[in-house]
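Novice: Can you read through this structure? Questions will come right after.
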Amino acid sequence: DHPQLLACIEAWGATRLIVLGDTIVDQYAACEAIGMSAEAPVVVVRELGCKNFIGGAAVVAAHISALGAQCDLVSVVGADSTADLVKQDLTAQQIGDGLSCDPSRPTTFKKRYVVENQKLFRVSRLEEHNLDAAIEDQVIAKLEQLAPKAQGIVVSDFVYGVVTPRILAVVQQLAKKHKLMLFGDLQC
């Protein structure tokens, strides 16, 4: 029904969601093929330029924000310059920064080399181990702080260790306690 749809769209601006999950920075390097290597049977390319995009749970938060809802991202990044890119992007898109820093892992980074819109290969810099208890405590504290003001939680799990069983149990408890809707965006 048309009026009901319009009412839902208008209510979107008053909606606040929490996105929990793995933050990724995707970099695309545009290249041109310049020949074959004399040393090995591989294509040689020249990098022309590259562009960074937030990905994983961060891009889910970006889409929610672009649709007009308020959004907070709860995630973990490394102590590196890639984390700074994520923070700048969140600020630019008015997404709440619920990031915790884990110096034991890099911010997940995936670089794709592309020639004429054809992906040649990808290089990933990531850790897949679960968070240690101290970082889990930080993530849980952020979730507990944000949950009373939210209407829902989106769990965006790329299986890189941010969504641990303990954190997931807390998410379920918070959803019950605050009557939050739960959404899953799972890559596992």
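Identifiers in this document derive from the order of the structure tokens: chains are assigned A, B, ..., residues are numbered from 1 separately in each chain, and ligands are numbered from 1 in order of occurrence.
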Might you pull out every residue within 12 Å of Leu168 (chain A), with only C-alpha atoms counted and same-chain residues fewer than 4 positions away left off, and present them as a count of residues only?
Specialist: 21
Novice: Can you pull out the residues contacting region 53-70 of chain A? Cut-off 7 Å, using only C-alpha atoms, and skip same-chain residues under 2 positions away; I want them as a list in words.
Specialist: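 Residues meeting the cut-off are Trp12, Gly13, Ala14, Thr15, Arg16, Leu17, Val19, Leu20, Gly21, Asp22, Thr23, Ile24, Val25, Asp26, Gln27, Lys51, Leu73, Val86, Gln93, Ile95 and Ser156 of chain A.
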Novice: Would you give me, as an MDAnalysis selection string, the residues in region 11-174 of chain A that DSSP reads as helix (DSSP H, G or I)?
Specialist: chainID A and resid 11:14 57:66 81:92 133:149 165:174
Novice: Give me, please, the distance in Å between CA of Leu146 (chain A) and CA of Cys101 (chain A), quoted to one decimal.
Specialist: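 Rounded to one decimal, the two atoms are 17.9 Å apart.
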Novice: Using DSSP on the backbone coordinates, identify all residues within chain A classified as strand (DSSP E); present the result as a PyMOL selection string.
Specialist: chain A and resi 16-21+23-36+43-56+70-77+96-101+108-115+118-125+152-157+181-186
Novice: Quick check, in Å to one decimal: how far apart do CA of Asp102 (chain A) and CA of Leu90 (chain A) lie?
Specialist: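 Straight-line distance from CA of Asp102 (chain A) to CA of Leu90 (chain A) works out to 18.2 Å.
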Novice: Taking only residues of region 43-91 of chain A that have an atom at most 12 Å from an atom of region 122-126 of chain A, what is each one's shortest atom pair and its distance in Å to one decimal, using only C-alpha atoms, in chain and number order, as JSON lines?
Specialist:
```
{"residue": "A:Val76", "atom": "CA", "partner": "A:Leu126", "partner_atom": "CA", "distance": 11.9}
{"residue": "A:Val77", "atom": "CA", "partner": "A:Leu126", "partner_atom": "CA", "distance": 10.4}
{"residue": "A:Gly78", "atom": "CA", "partner": "A:Leu126", "partner_atom": "CA", "distance": 9.8}
{"residue": "A:Asp80", "atom": "CA", "partner": "A:Arg125", "partner_atom": "CA", "distance": 12.0}
{"residue": "A:Thr82", "atom": "CA", "partner": "A:Arg125", "partner_atom": "CA", "distance": 10.8}
```
Novice: Taking only C-alpha atoms into account, name the residue in A:Glu10, A:Glu47, A:Asp72, A:Glu39 that is nearest to Gln151 (chain A).
Specialist: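 Residue with the minimum atom-to-atom distance to Gln151 (chain A): A:Asp72.
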Novice: Compare A:Ser75, A:Gly35, A:Phe121, A:Ala30 by their minimum atom-to-atom distance to Ala141 (chain A), counting only C-alpha atoms, and give me the closest one.
Specialist: A:Ser75
Novice: Could you tell me how far CA of Ala79 (chain A) sits from CA of Ala29 (chain A), in Å to one decimal place?
Specialist: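 For CA of Ala29 (chain A) relative to CA of Ala79 (chain A), the distance reads 23.5 Å.
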